[in-house]
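Engineer: File start_0.cif below, mmCIF, C-alpha atoms and all ligand atoms:
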data_coords
#
loop_
_atom_site.group_PDB
_atom_site.id
_atom_site.type_symbol
_atom_site.label_atom_id
_atom_site.label_comp_id
_atom_site.auth_asym_id
_atom_site.auth_seq_id
_atom_site.Cartn_x
_atom_site.Cartn_y
_atom_site.Cartn_z
ATOM 1 C CA MET X 29 -14.775 -40.311 -3.987
ATOM 2 C CA GLY X 30 -16.760 -39.343 -7.112
ATOM 3 C CA GLU X 31 -17.447 -35.728 -8.068
ATOM 4 C CA GLN X 32 -21.114 -36.009 -7.108
ATOM 5 C CA THR X 33 -20.253 -37.528 -3.709
ATOM 6 C CA LYS X 34 -17.729 -34.725 -3.095
ATOM 7 C CA THR X 35 -20.375 -32.121 -3.916
ATOM 8 C CA SER X 36 -22.891 -33.786 -1.571
ATOM 9 C CA ALA X 37 -20.288 -33.880 1.196
ATOM 10 C CA ARG X 38 -19.501 -30.179 0.641
ATOM 11 C CA ILE X 39 -23.196 -29.233 0.724
ATOM 12 C CA ALA X 40 -23.697 -31.308 3.891
ATOM 13 C CA GLY X 41 -20.661 -29.591 5.414
ATOM 14 C CA GLN X 42 -22.033 -26.157 4.560
ATOM 15 C CA ARG X 43 -25.426 -27.070 6.019
ATOM 16 C CA ASP X 44 -23.783 -28.308 9.221
ATOM 17 C CA ALA X 45 -21.768 -25.120 9.474
ATOM 18 C CA GLY X 46 -25.009 -23.181 9.122
ATOM 19 C CA GLU X 47 -26.873 -25.277 11.673
ATOM 20 C CA ASN X 48 -24.126 -25.802 14.216
ATOM 21 C CA GLY X 49 -21.540 -23.146 13.518
ATOM 22 C CA THR X 50 -22.810 -19.892 12.064
ATOM 23 C CA PRO X 51 -25.620 -18.412 14.135
ATOM 24 C CA PRO X 52 -28.570 -16.382 12.834
ATOM 25 C CA VAL X 53 -27.964 -12.712 12.094
ATOM 26 C CA ILE X 54 -31.298 -11.468 13.493
ATOM 27 C CA ASP X 55 -30.889 -10.791 17.239
ATOM 28 C CA ALA X 56 -34.031 -12.606 18.411
ATOM 29 C CA ALA X 57 -33.141 -15.769 16.466
ATOM 30 C CA PHE X 58 -29.551 -15.433 17.685
ATOM 31 C CA ALA X 59 -30.831 -15.270 21.295
ATOM 32 C CA ARG X 60 -32.750 -18.519 20.729
ATOM 33 C CA TRP X 61 -29.695 -20.175 19.125
ATOM 34 C CA LEU X 62 -27.469 -19.091 21.995
ATOM 35 C CA ALA X 63 -29.855 -20.192 24.763
ATOM 36 C CA ASP X 64 -30.245 -23.570 23.037
ATOM 37 C CA ARG X 65 -26.466 -24.011 22.776
ATOM 38 C CA ALA X 66 -26.012 -23.302 26.488
ATOM 39 C CA GLY X 67 -28.923 -25.632 27.238
ATOM 40 C CA GLN X 68 -27.215 -28.497 25.382
ATOM 41 C CA VAL X 69 -24.034 -27.897 27.376
ATOM 42 C CA LEU X 70 -26.029 -28.033 30.623
ATOM 43 C CA LEU X 71 -27.680 -31.331 29.673
ATOM 44 C CA GLN X 72 -24.217 -32.717 28.934
ATOM 45 C CA VAL X 73 -22.880 -31.535 32.326
ATOM 46 C CA ARG X 74 -25.793 -33.297 34.063
ATOM 47 C CA ASP X 75 -25.146 -36.499 32.070
ATOM 48 C CA GLU X 76 -21.430 -36.500 32.769
ATOM 49 C CA MET X 77 -21.504 -35.610 36.481
ATOM 50 C CA GLY X 78 -24.667 -37.268 37.767
ATOM 51 C CA TYR X 79 -26.376 -36.064 40.947
ATOM 52 C CA ALA X 80 -24.158 -37.410 43.757
ATOM 53 C CA ASP X 81 -22.645 -33.984 44.536
ATOM 54 C CA PRO X 82 -25.337 -31.301 43.968
ATOM 55 C CA LYS X 83 -23.047 -28.428 44.994
ATOM 56 C CA ALA X 84 -20.403 -29.423 42.451
ATOM 57 C CA LEU X 85 -23.073 -29.987 39.787
ATOM 58 C CA LYS X 86 -24.527 -26.492 40.328
ATOM 59 C CA ALA X 87 -21.092 -24.879 40.171
ATOM 60 C CA ALA X 88 -20.100 -26.816 37.044
ATOM 61 C CA GLY X 89 -23.399 -25.990 35.296
ATOM 62 C CA ASP X 90 -23.201 -22.272 36.125
ATOM 63 C CA GLN X 91 -19.604 -22.088 34.911
ATOM 64 C CA ALA X 92 -20.017 -24.139 31.720
ATOM 65 C CA ALA X 93 -23.093 -22.227 30.532
ATOM 66 C CA HIS X 94 -21.538 -18.874 31.447
ATOM 67 C CA ASP X 95 -18.333 -19.711 29.573
ATOM 68 C CA LEU X 96 -20.262 -20.742 26.472
ATOM 69 C CA LEU X 97 -22.429 -17.605 26.481
ATOM 70 C CA ARG X 98 -19.446 -15.321 27.071
ATOM 71 C CA ALA X 99 -17.390 -16.996 24.316
ATOM 72 C CA GLU X 100 -20.161 -16.978 21.701
ATOM 73 C CA LEU X 101 -21.138 -13.380 22.489
ATOM 74 C CA ALA X 102 -17.492 -12.309 22.198
ATOM 75 C CA ARG X 103 -17.237 -14.163 18.884
ATOM 76 C CA TRP X 104 -20.509 -13.162 17.223
ATOM 77 C CA ARG X 105 -21.447 -9.850 18.896
ATOM 78 C CA PRO X 106 -17.976 -8.441 19.807
ATOM 79 C CA ALA X 107 -19.131 -4.804 19.980
ATOM 80 C CA ASP X 108 -21.904 -5.494 22.505
ATOM 81 C CA ALA X 109 -21.637 -5.371 26.303
ATOM 82 C CA VAL X 110 -22.683 -8.290 28.530
ATOM 83 C CA LEU X 111 -24.152 -8.588 32.024
ATOM 84 C CA SER X 112 -24.069 -12.195 33.252
ATOM 85 C CA GLU X 113 -25.055 -13.504 36.670
ATOM 86 C CA GLU X 114 -21.734 -15.308 36.851
ATOM 87 C CA ASP X 115 -19.562 -12.225 36.199
ATOM 88 C CA GLU X 116 -17.299 -11.446 39.132
ATOM 89 C CA HIS X 117 -18.758 -7.976 39.810
ATOM 90 C CA ALA X 118 -22.285 -8.615 38.524
ATOM 91 C CA ARG X 119 -24.041 -7.833 41.833
ATOM 92 C CA VAL X 120 -22.158 -4.612 42.538
ATOM 93 C CA ALA X 121 -24.201 -1.384 42.319
ATOM 94 C CA TRP X 122 -22.375 1.366 40.455
ATOM 95 C CA ARG X 123 -22.891 5.016 41.367
ATOM 96 C CA ASP X 124 -21.579 8.078 39.531
ATOM 97 C CA GLY X 125 -18.385 9.313 41.097
ATOM 98 C CA GLU X 126 -17.684 6.050 42.905
ATOM 99 C CA GLN X 127 -15.998 2.899 41.768
ATOM 100 C CA THR X 128 -15.280 4.712 38.494
ATOM 101 C CA SER X 129 -12.100 2.740 37.883
ATOM 102 C CA VAL X 130 -14.143 -0.424 37.372
ATOM 103 C CA ARG X 131 -17.385 1.117 36.111
ATOM 104 C CA PRO X 132 -18.679 -1.522 33.694
ATOM 105 C CA ASP X 133 -18.815 -0.848 29.940
ATOM 106 C CA ARG X 134 -22.481 -1.803 29.865
ATOM 107 C CA LEU X 135 -23.528 1.510 31.507
ATOM 108 C CA GLY X 136 -22.363 3.486 28.473
ATOM 109 C CA ALA X 137 -23.250 0.850 25.861
ATOM 110 C CA SER X 138 -26.137 0.985 23.418
ATOM 111 C CA ARG X 139 -26.540 -2.829 23.283
ATOM 112 C CA VAL X 140 -26.229 -5.083 26.330
ATOM 113 C CA TRP X 141 -26.862 -8.839 26.547
ATOM 114 C CA ILE X 142 -28.345 -9.676 29.957
ATOM 115 C CA VAL X 143 -27.892 -13.397 30.586
ATOM 116 C CA ASP X 144 -28.602 -15.895 33.331
ATOM 117 C CA PRO X 145 -26.578 -18.962 32.319
ATOM 118 C CA LEU X 146 -28.584 -21.204 34.660
ATOM 119 C CA ASP X 147 -31.812 -20.033 36.322
ATOM 120 C CA GLY X 148 -33.246 -22.516 38.785
ATOM 121 C CA THR X 149 -29.783 -23.721 39.766
ATOM 122 C CA ARG X 150 -31.145 -25.732 42.688
ATOM 123 C CA GLU X 151 -33.599 -27.618 40.459
ATOM 124 C CA PHE X 152 -30.847 -28.295 37.899
ATOM 125 C CA SER X 153 -29.001 -30.252 40.590
ATOM 126 C CA GLU X 154 -31.985 -32.481 41.422
ATOM 127 C CA GLU X 155 -32.470 -35.608 39.334
ATOM 128 C CA GLY X 156 -35.661 -35.684 37.295
ATOM 129 C CA ARG X 157 -36.492 -31.974 37.686
ATOM 130 C CA THR X 158 -37.111 -30.044 34.500
ATOM 131 C CA ASP X 159 -37.807 -26.564 35.974
ATOM 132 C CA TRP X 160 -34.545 -24.813 35.151
ATOM 133 C CA ALA X 161 -33.648 -22.562 32.241
ATOM 134 C CA VAL X 162 -31.112 -20.509 30.296
ATOM 135 C CA HIS X 163 -31.959 -16.813 29.862
ATOM 136 C CA VAL X 164 -30.615 -14.643 27.023
ATOM 137 C CA ALA X 165 -31.973 -11.089 26.630
ATOM 138 C CA LEU X 166 -30.859 -8.085 24.591
ATOM 139 C CA TRP X 167 -31.301 -4.577 26.046
ATOM 140 C CA THR X 168 -30.928 -1.685 23.589
ATOM 141 C CA ALA X 169 -30.800 2.015 24.447
ATOM 142 C CA ASP X 170 -32.983 2.957 21.483
ATOM 143 C CA SER X 171 -35.704 0.342 22.002
ATOM 144 C CA SER X 172 -39.272 1.607 21.654
ATOM 145 C CA ASN X 173 -40.632 -0.282 24.699
ATOM 146 C CA PRO X 174 -40.190 1.091 28.250
ATOM 147 C CA SER X 175 -38.160 -1.942 29.384
ATOM 148 C CA CYS X 176 -35.818 -1.487 26.381
ATOM 149 C CA LEU X 177 -35.815 -5.258 25.802
ATOM 150 C CA ALA X 178 -35.242 -5.815 22.082
ATOM 151 C CA ALA X 179 -35.006 -9.626 22.125
ATOM 152 C CA GLY X 180 -35.133 -12.536 24.526
ATOM 153 C CA ALA X 181 -35.002 -16.318 24.702
ATOM 154 C CA VAL X 182 -35.716 -18.784 27.520
ATOM 155 C CA ALA X 183 -34.456 -22.302 26.875
ATOM 156 C CA MET X 184 -35.866 -25.078 29.070
ATOM 157 C CA PRO X 185 -33.668 -27.904 27.783
ATOM 158 C CA ALA X 186 -35.059 -30.647 30.023
ATOM 159 C CA GLN X 187 -38.560 -29.790 28.716
ATOM 160 C CA HIS X 188 -37.307 -29.698 25.092
ATOM 161 C CA CYS X 189 -38.815 -26.236 24.809
ATOM 162 C CA THR X 190 -37.460 -22.782 24.024
ATOM 163 C CA LEU X 191 -39.561 -19.620 24.022
ATOM 164 C CA ALA X 192 -38.174 -16.585 22.225
ATOM 165 C CA THR X 193 -39.212 -13.256 20.778
ATOM 166 C CA ASP X 194 -38.440 -14.372 17.214
ATOM 167 C CA LYS X 195 -41.660 -16.407 17.266
ATOM 168 C CA PRO X 196 -43.706 -15.069 20.199
ATOM 169 C CA PRO X 197 -46.262 -17.602 21.455
ATOM 170 C CA ALA X 198 -49.948 -16.896 20.830
ATOM 171 C CA TYR X 199 -51.969 -14.557 23.075
ATOM 172 C CA PRO X 200 -54.089 -15.091 25.112
ATOM 173 C CA PRO X 201 -52.534 -18.179 26.683
ATOM 174 C CA MET X 202 -54.745 -21.252 26.892
ATOM 175 C CA PRO X 203 -56.488 -22.642 28.856
ATOM 176 C CA LEU X 204 -58.237 -19.643 30.407
ATOM 177 C CA GLU X 205 -59.748 -21.436 33.415
ATOM 178 C CA SER X 206 -59.450 -18.400 35.691
ATOM 179 C CA ALA X 207 -61.100 -16.197 33.071
ATOM 180 C CA THR X 208 -64.039 -18.580 33.046
ATOM 181 C CA GLY X 209 -64.524 -18.755 36.819
ATOM 182 C CA GLY X 210 -61.792 -21.128 38.080
ATOM 183 C CA ALA X 211 -59.322 -20.109 40.792
ATOM 184 C CA ILE X 212 -56.414 -17.917 39.714
ATOM 185 C CA ARG X 213 -53.184 -19.950 39.672
ATOM 186 C CA ILE X 214 -50.128 -18.033 40.855
ATOM 187 C CA ALA X 215 -46.721 -19.539 40.065
ATOM 188 C CA ALA X 216 -44.454 -19.210 43.106
ATOM 189 C CA SER X 217 -41.019 -20.329 44.218
ATOM 190 C CA ARG X 218 -41.092 -23.966 45.381
ATOM 191 C CA THR X 219 -38.319 -23.407 47.916
ATOM 192 C CA ARG X 220 -38.890 -19.838 49.166
ATOM 193 C CA PRO X 221 -42.341 -18.442 48.311
ATOM 194 C CA PRO X 222 -42.528 -14.851 49.623
ATOM 195 C CA ALA X 223 -44.901 -14.577 52.632
ATOM 196 C CA PHE X 224 -46.825 -11.787 50.975
ATOM 197 C CA VAL X 225 -47.649 -13.989 47.962
ATOM 198 C CA THR X 226 -49.227 -16.556 50.296
ATOM 199 C CA ALA X 227 -51.318 -13.806 51.965
ATOM 200 C CA LEU X 228 -52.267 -12.357 48.578
ATOM 201 C CA ALA X 229 -53.354 -15.784 47.299
ATOM 202 C CA GLU X 230 -55.565 -16.306 50.361
ATOM 203 C CA GLU X 231 -57.297 -12.950 49.875
ATOM 204 C CA ILE X 232 -58.158 -13.459 46.223
ATOM 205 C CA GLY X 233 -58.829 -17.189 46.529
ATOM 206 C CA ALA X 234 -55.881 -18.053 44.303
ATOM 207 C CA GLU X 235 -54.032 -21.347 44.177
ATOM 208 C CA LEU X 236 -50.220 -21.341 44.439
ATOM 209 C CA VAL X 237 -48.414 -23.448 41.850
ATOM 210 C CA PRO X 238 -44.899 -24.167 43.140
ATOM 211 C CA MET X 239 -42.044 -24.465 40.651
ATOM 212 C CA GLY X 240 -38.378 -23.518 40.337
ATOM 213 C CA SER X 241 -36.787 -20.825 38.132
ATOM 214 C CA ALA X 242 -38.178 -17.371 37.360
ATOM 215 C CA GLY X 243 -37.934 -18.176 33.642
ATOM 216 C CA VAL X 244 -39.946 -21.380 33.985
ATOM 217 C CA LYS X 245 -42.600 -19.576 36.055
ATOM 218 C CA ILE X 246 -42.994 -16.825 33.455
ATOM 219 C CA ALA X 247 -43.035 -19.499 30.731
ATOM 220 C CA ALA X 248 -45.913 -21.135 32.639
ATOM 221 C CA VAL X 249 -47.861 -17.863 32.424
ATOM 222 C CA ILE X 250 -47.036 -17.590 28.719
ATOM 223 C CA SER X 251 -48.325 -21.127 28.090
ATOM 224 C CA GLY X 252 -51.421 -20.747 30.316
ATOM 225 C CA GLU X 253 -50.299 -23.354 32.850
ATOM 226 C CA ALA X 254 -50.411 -20.524 35.439
ATOM 227 C CA ASP X 255 -52.287 -17.215 35.383
ATOM 228 C CA ALA X 256 -49.656 -15.070 37.090
ATOM 229 C CA TYR X 257 -46.160 -14.936 38.519
ATOM 230 C CA VAL X 258 -45.843 -12.597 41.488
ATOM 231 C CA HIS X 259 -42.505 -12.128 43.218
ATOM 232 C CA ALA X 260 -41.016 -9.822 45.865
ATOM 233 C CA GLY X 261 -38.111 -9.808 48.274
ATOM 234 C CA GLY X 262 -35.151 -9.986 45.902
ATOM 235 C CA GLN X 263 -33.994 -10.851 42.411
ATOM 236 C CA TYR X 264 -31.618 -9.443 39.801
ATOM 237 C CA GLU X 265 -32.047 -8.209 36.231
ATOM 238 C CA TRP X 266 -30.836 -11.496 34.739
ATOM 239 C CA ASP X 267 -33.553 -13.465 36.559
ATOM 240 C CA SER X 268 -36.344 -11.737 34.615
ATOM 241 C CA ALA X 269 -34.961 -9.911 31.517
ATOM 242 C CA ALA X 270 -35.288 -12.754 28.992
ATOM 243 C CA PRO X 271 -38.643 -14.176 30.154
ATOM 244 C CA ALA X 272 -40.062 -10.645 30.545
ATOM 245 C CA ALA X 273 -38.984 -9.892 26.959
ATOM 246 C CA VAL X 274 -40.927 -12.926 25.706
ATOM 247 C CA ALA X 275 -43.945 -12.167 27.945
ATOM 248 C CA LEU X 276 -44.106 -8.556 26.689
ATOM 249 C CA ALA X 277 -43.702 -9.718 23.076
ATOM 250 C CA THR X 278 -46.682 -12.069 23.434
ATOM 251 C CA GLY X 279 -48.865 -9.239 24.830
ATOM 252 C CA LEU X 280 -48.826 -10.143 28.525
ATOM 253 C CA HIS X 281 -48.615 -7.599 31.346
ATOM 254 C CA ALA X 282 -45.153 -7.455 32.983
ATOM 255 C CA SER X 283 -44.284 -4.750 35.525
ATOM 256 C CA ARG X 284 -42.981 -3.971 38.994
ATOM 257 C CA LEU X 285 -45.496 -4.617 41.770
ATOM 258 C CA ASP X 286 -46.405 -0.895 41.832
ATOM 259 C CA GLY X 287 -47.305 -1.116 38.135
ATOM 260 C CA SER X 288 -44.218 0.771 36.888
ATOM 261 C CA PRO X 289 -42.205 -0.638 33.960
ATOM 262 C CA LEU X 290 -39.425 -3.161 34.523
ATOM 263 C CA ALA X 291 -36.164 -1.256 33.928
ATOM 264 C CA TYR X 292 -33.005 -3.037 32.826
ATOM 265 C CA ASN X 293 -29.305 -2.213 32.493
ATOM 266 C CA GLN X 294 -29.515 -0.023 35.578
ATOM 267 C CA ALA X 295 -26.450 0.928 37.618
ATOM 268 C CA ASP X 296 -27.804 -1.312 40.381
ATOM 269 C CA PRO X 297 -28.795 -4.681 38.851
ATOM 270 C CA LYS X 298 -31.193 -5.508 41.702
ATOM 271 C CA LEU X 299 -34.749 -5.907 40.410
ATOM 272 C CA PRO X 300 -36.454 -7.284 43.493
ATOM 273 C CA ASP X 301 -40.116 -7.588 42.536
ATOM 274 C CA LEU X 302 -42.341 -8.165 39.521
ATOM 275 C CA VAL X 303 -45.704 -9.391 38.312
ATOM 276 C CA VAL X 304 -46.447 -11.110 34.985
ATOM 277 C CA CYS X 305 -50.039 -11.942 34.047
ATOM 278 C CA ARG X 306 -52.693 -11.623 31.355
ATOM 279 C CA LYS X 307 -53.704 -8.029 30.617
ATOM 280 C CA ASP X 308 -57.315 -8.638 31.714
ATOM 281 C CA LEU X 309 -56.136 -9.865 35.121
ATOM 282 C CA ALA X 310 -53.645 -7.038 35.746
ATOM 283 C CA PRO X 311 -55.942 -4.327 37.242
ATOM 284 C CA ARG X 312 -57.456 -6.740 39.804
ATOM 285 C CA LEU X 313 -54.135 -8.315 40.682
ATOM 286 C CA LEU X 314 -52.256 -5.006 40.972
ATOM 287 C CA ALA X 315 -54.989 -3.613 43.259
ATOM 288 C CA ALA X 316 -54.815 -6.703 45.511
ATOM 289 C CA ILE X 317 -51.004 -6.565 45.513
ATOM 290 C CA GLN X 318 -51.082 -2.952 46.793
ATOM 291 C CA ARG X 319 -53.002 -4.161 49.873
ATOM 292 C CA HIS X 320 -50.344 -6.788 50.604
ATOM 293 C CA LEU X 321 -47.113 -5.075 49.572
ATOM 294 C CA PRO X 322 -44.274 -5.885 51.962
ATOM 295 C CA GLN X 323 -43.254 -2.805 54.018
ATOM 296 C CA GLN X 324 -40.141 -1.291 52.386
HETATM 297 N N1 LIG N 401 -35.054 -13.257 47.604
HETATM 298 C C1 LIG N 401 -34.258 -13.452 46.557
HETATM 299 N N2 LIG N 401 -33.081 -12.775 46.441
HETATM 300 C C2 LIG N 401 -32.265 -12.964 45.370
HETATM 301 N N3 LIG N 401 -32.567 -13.801 44.334
HETATM 302 C C3 LIG N 401 -33.715 -14.488 44.393
HETATM 303 C C4 LIG N 401 -34.620 -14.360 45.490
HETATM 304 N N4 LIG N 401 -35.697 -15.166 45.273
HETATM 305 C C5 LIG N 401 -35.464 -15.783 44.091
HETATM 306 N N5 LIG N 401 -34.279 -15.379 43.563
HETATM 307 C C6 LIG N 401 -33.668 -15.871 42.317
HETATM 308 O O1 LIG N 401 -34.696 -16.041 41.350
HETATM 309 C C7 LIG N 401 -34.494 -17.251 40.641
HETATM 310 C C8 LIG N 401 -35.755 -18.117 40.820
HETATM 311 O O2 LIG N 401 -35.880 -18.493 42.181
HETATM 312 P P1 LIG N 401 -37.025 -19.509 42.644
HETATM 313 O O3 LIG N 401 -36.837 -20.754 41.849
HETATM 314 O O4 LIG N 401 -36.824 -19.684 44.111
HETATM 315 O O5 LIG N 401 -38.309 -18.842 42.319
HETATM 316 C C9 LIG N 401 -33.244 -17.928 41.210
HETATM 317 O O6 LIG N 401 -32.181 -17.636 40.310
HETATM 318 P P2 LIG N 401 -30.856 -18.578 40.117
HETATM 319 O O7 LIG N 401 -31.283 -19.985 40.107
HETATM 320 O O8 LIG N 401 -30.302 -18.069 38.820
HETATM 321 O O9 LIG N 401 -29.980 -18.235 41.279
HETATM 322 C C10 LIG N 401 -33.079 -17.236 42.552
HETATM 323 O O10 LIG N 401 -31.728 -17.111 42.964
HETATM 324 MG MG MG N 402 -31.667 -16.702 38.036
#
What is this file in structure tokens?

Structural biologist:
Amino acid sequence: MGEQTKTSARIAGQRDAGENGTPPVIDAAFARWLADRAGQVLLQVRDEMGYADPKALKAAGDQAAHDLLRAELARWRPADAVLSEEDEHARVAWRDGEQTSVRPDRLGASRVWIVDPLDGTREFSEEGRTDWAVHVALWTADSSNPSCLAAGAVAMPAQHCTLATDKPPAYPPMPLESATGGAIRIAASRTRPPAFVTALAEEIGAELVPMGSAGVKIAAVISGEADAYVHAGGQYEWDSAAPAAVALATGLHASRLDGSPLAYNQADPKLPDLVVCRKDLAPRLLAAIQRHLPQQ
């Protein structure tokens, strides 16, 4: 091999290491890189296993993406805490004075990665469906926004699309059909739309747009494919942290159904309801939601 060829090979090697090995230093770009990596692993799991056993495919996808996220976070952000849907104790609520022996590090940490390795697990296991996502969000104690979300990325690998706070999409989303007189389109779960969302849609003459994955639904609001995502009845921090981070970074409204800020890295990771929509739509939607709120 000549000297010039050796140099070219070395440069190519360095470039590959940069593209495939060493991730970006900036957190938002790192979140995108990480979500994309997990997304590639999920596509590979689908390719290798096929769709004959959906239960096994879901379990393998959850585990493979979780393992990758955990390993890369441990390698590249070793000082940070992590909350992942697939952690053994992820759904446990932690109260002061109780369960102190296993109180998670994240409650005293200043930086916590909140990740959903595979959101829209059911859709992932169905051939041809593209409405599933990888969520990677960074919560920081000193963040200036009320949700304390410093970065976020939502990879939708089967749609070849990743939204992240490093390059927030343009605001307002297009097209603005509802702003120009068309019916409001509310993204809702395709398999379990909350009853109150159906009643709300009827009252305001909205159309329900069924799709899987909280991340994909919020991405639809970000892109303008839907005008709002309204959810109640149960969810966890990892279902919304990353897409809410991107929505807030683009300038959209994202809050609890009572209008209060979405709060993350809480002792109890349940975050059962939320609304994401354009700012101009928020007052009307929040007022209608109050009339239909499920009894607590
Ligand atoms: N009532 C509920 N309780 C708990 N989680 C819920 C829920 N409704 C929706 N979710 C979660 O929100 C995500 C989107 O759901 P959907 O596609 O039905 O809108 C799914 O995440 P996972 O796929 O990560 O489990 C689902 O588990
Ligand atoms: Mg989820």

Engineer: May I have a table of the residues of chain X lying at most 6 Å from ligand MG 402 (chain N), giving each one's closest pair of atoms and their distance in Å to one decimal, counting all atoms listed in the file, ordered by chain and ascending residue number, as a Markdown table?

Structural biologist:
| residue | atom | partner | partner_atom | distance |
| --- | --- | --- | --- | --- |
| X:Asp144 | CA | N:MG402 | MG | 5.7 |
| X:Asp147 | CA | N:MG402 | MG | 3.7 |
| X:Asp267 | CA | N:MG402 | MG | 4.0 |

Engineer: Could you check how far atom O3 of ligand LIG 401 (chain N) sits from CA of Asn173 (chain X), in Å to one decimal?

Structural biologist: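 Computed distance, atom O3 of ligand LIG 401 (chain N) to CA of Asn173 (chain X), equals 27.0 Å.
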
Engineer: On this structure, the PyMOL selection byres (((not hetatm)) within 8 of (chain N and resi 401)) would catch which residues? List them as a ChimeraX atom specification, sorted by chain and number.

Structural biologist: /X:113,144-151,160,216-222,239-243,245,259-264,266-267,300

Engineer: Please list, as a list in words, the residues that have an atom at most 7 Å away from (-43.7, -12.4, 35.8) in the coordinates of this file, counting all atoms listed in the file.

Structural biologist: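 Those within range, by chain then number, are Ile246, Ala256, Tyr257, Val258, Ala272, Ala282, Leu302, Val303, Val304 and Cys305 of chain X.
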
Engineer: Neighbouring residues of Leu97 (chain X) were defined as those with any atom within 8 Å, considering only C-alpha atoms; residues of the same chain fewer than 2 positions away were excluded. Please report them as an mmCIF file with C-alpha atoms, in the coordinates of the input.

Structural biologist:
data_model
loop_
_atom_site.group_PDB
_atom_site.id
_atom_site.type_symbol
_atom_site.label_atom_id
_atom_site.label_comp_id
_atom_site.auth_asym_id
_atom_site.auth_seq_id
_atom_site.Cartn_x
_atom_site.Cartn_y
_atom_site.Cartn_z
ATOM 1 C CA LEU X 62 -27.469 -19.091 21.995
ATOM 2 C CA ALA X 66 -26.012 -23.302 26.488
ATOM 3 C CA ALA X 93 -23.093 -22.227 30.532
ATOM 4 C CA HIS X 94 -21.538 -18.874 31.447
ATOM 5 C CA ASP X 95 -18.333 -19.711 29.573
ATOM 6 C CA ALA X 99 -17.390 -16.996 24.316
ATOM 7 C CA GLU X 100 -20.161 -16.978 21.701
ATOM 8 C CA LEU X 101 -21.138 -13.380 22.489
ATOM 9 C CA PRO X 145 -26.578 -18.962 32.319
#

Engineer: Starting from the displayed file, determine the output of the PyMOL selection byres (((chain X and resi 236) around 6) and not hetatm) and express the residue list as a PyMOL selection string.

Structural biologist: chain X and resi 213-215+235+237

Engineer: Output C-alpha atoms of each residue in that selection to a file, as a compact mmCIF listing (two decimals), in the coordinates of the input.

Structural biologist:
# COMPACT_ATOMS: atom_id res chain seq x y z
CA ARG X 213 -53.18 -19.95 39.67
CA ILE X 214 -50.13 -18.03 40.85
CA ALA X 215 -46.72 -19.54 40.06
CA GLU X 235 -54.03 -21.35 44.18
CA VAL X 237 -48.41 -23.45 41.85

Engineer: So what does the PyMOL selection byres (((chain X and resi 59) around 8) and not hetatm) actually pick up in this one, as a count of residues only?

Structural biologist: 15

Engineer: Using all atoms listed in the file, which of X:Gly67, X:Gly210, X:Gly49, X:Pro196 sits nearest His163 (chain X)?

Structural biologist: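 The answer is X:Gly67, which sits nearest to His163 (chain X).
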
Engineer: If I take CA of Ala223 (chain X) and CA of Ile317 (chain X), how far is one from the other in Å, to one decimal?

Structural biologist: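 Computed distance, CA of Ala223 (chain X) to CA of Ile317 (chain X), equals 12.3 Å.
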
Engineer: Looking at only C-alpha atoms, which of X:Leu135, X:Ala269, X:Ala87, X:Ala186 is the one that sits closest to Asp75 (chain X)?

Structural biologist: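 The shortest atom-to-atom distance to Asp75 (chain X) comes from X:Ala186.
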
Engineer: Would you mind putting back N, CA and C atoms on region 141-151 of chain X, then writing it out as a CSV table (one decimal), in the frame of the given file?

Structural biologist:
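Listing of result.csv after writing:
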chain,number,residue,atom,x,y,z
X,141,TRP,N,-26.3,-7.5,26.4
X,141,TRP,CA,-26.9,-8.8,26.5
X,141,TRP,C,-26.9,-9.1,28.0
X,142,ILE,N,-28.2,-9.4,28.5
X,142,ILE,CA,-28.3,-9.7,30.0
X,142,ILE,C,-28.7,-11.2,30.1
X,143,VAL,N,-27.7,-11.9,30.6
X,143,VAL,CA,-27.9,-13.4,30.6
X,143,VAL,C,-27.8,-14.0,32.0
X,144,ASP,N,-28.7,-15.0,32.1
X,144,ASP,CA,-28.6,-15.9,33.3
X,144,ASP,C,-28.3,-17.3,32.8
X,145,PRO,N,-27.0,-17.7,32.9
X,145,PRO,CA,-26.6,-19.0,32.3
X,145,PRO,C,-27.4,-20.2,32.8
X,146,LEU,N,-27.8,-20.1,34.1
X,146,LEU,CA,-28.6,-21.2,34.7
X,146,LEU,C,-29.5,-20.6,35.7
X,147,ASP,N,-30.8,-20.5,35.4
X,147,ASP,CA,-31.8,-20.0,36.3
X,147,ASP,C,-32.6,-21.3,36.9
X,148,GLY,N,-32.7,-21.3,38.2
X,148,GLY,CA,-33.2,-22.5,38.8
X,148,GLY,C,-32.1,-23.5,39.0
X,149,THR,N,-31.0,-22.9,39.5
X,149,THR,CA,-29.8,-23.7,39.8
X,149,THR,C,-30.1,-24.9,40.7
X,150,ARG,N,-30.8,-24.7,41.7
X,150,ARG,CA,-31.1,-25.7,42.7
X,150,ARG,C,-31.9,-26.9,42.0
X,151,GLU,N,-32.8,-26.6,41.1
X,151,GLU,CA,-33.6,-27.6,40.5
X,151,GLU,C,-32.7,-28.4,39.5
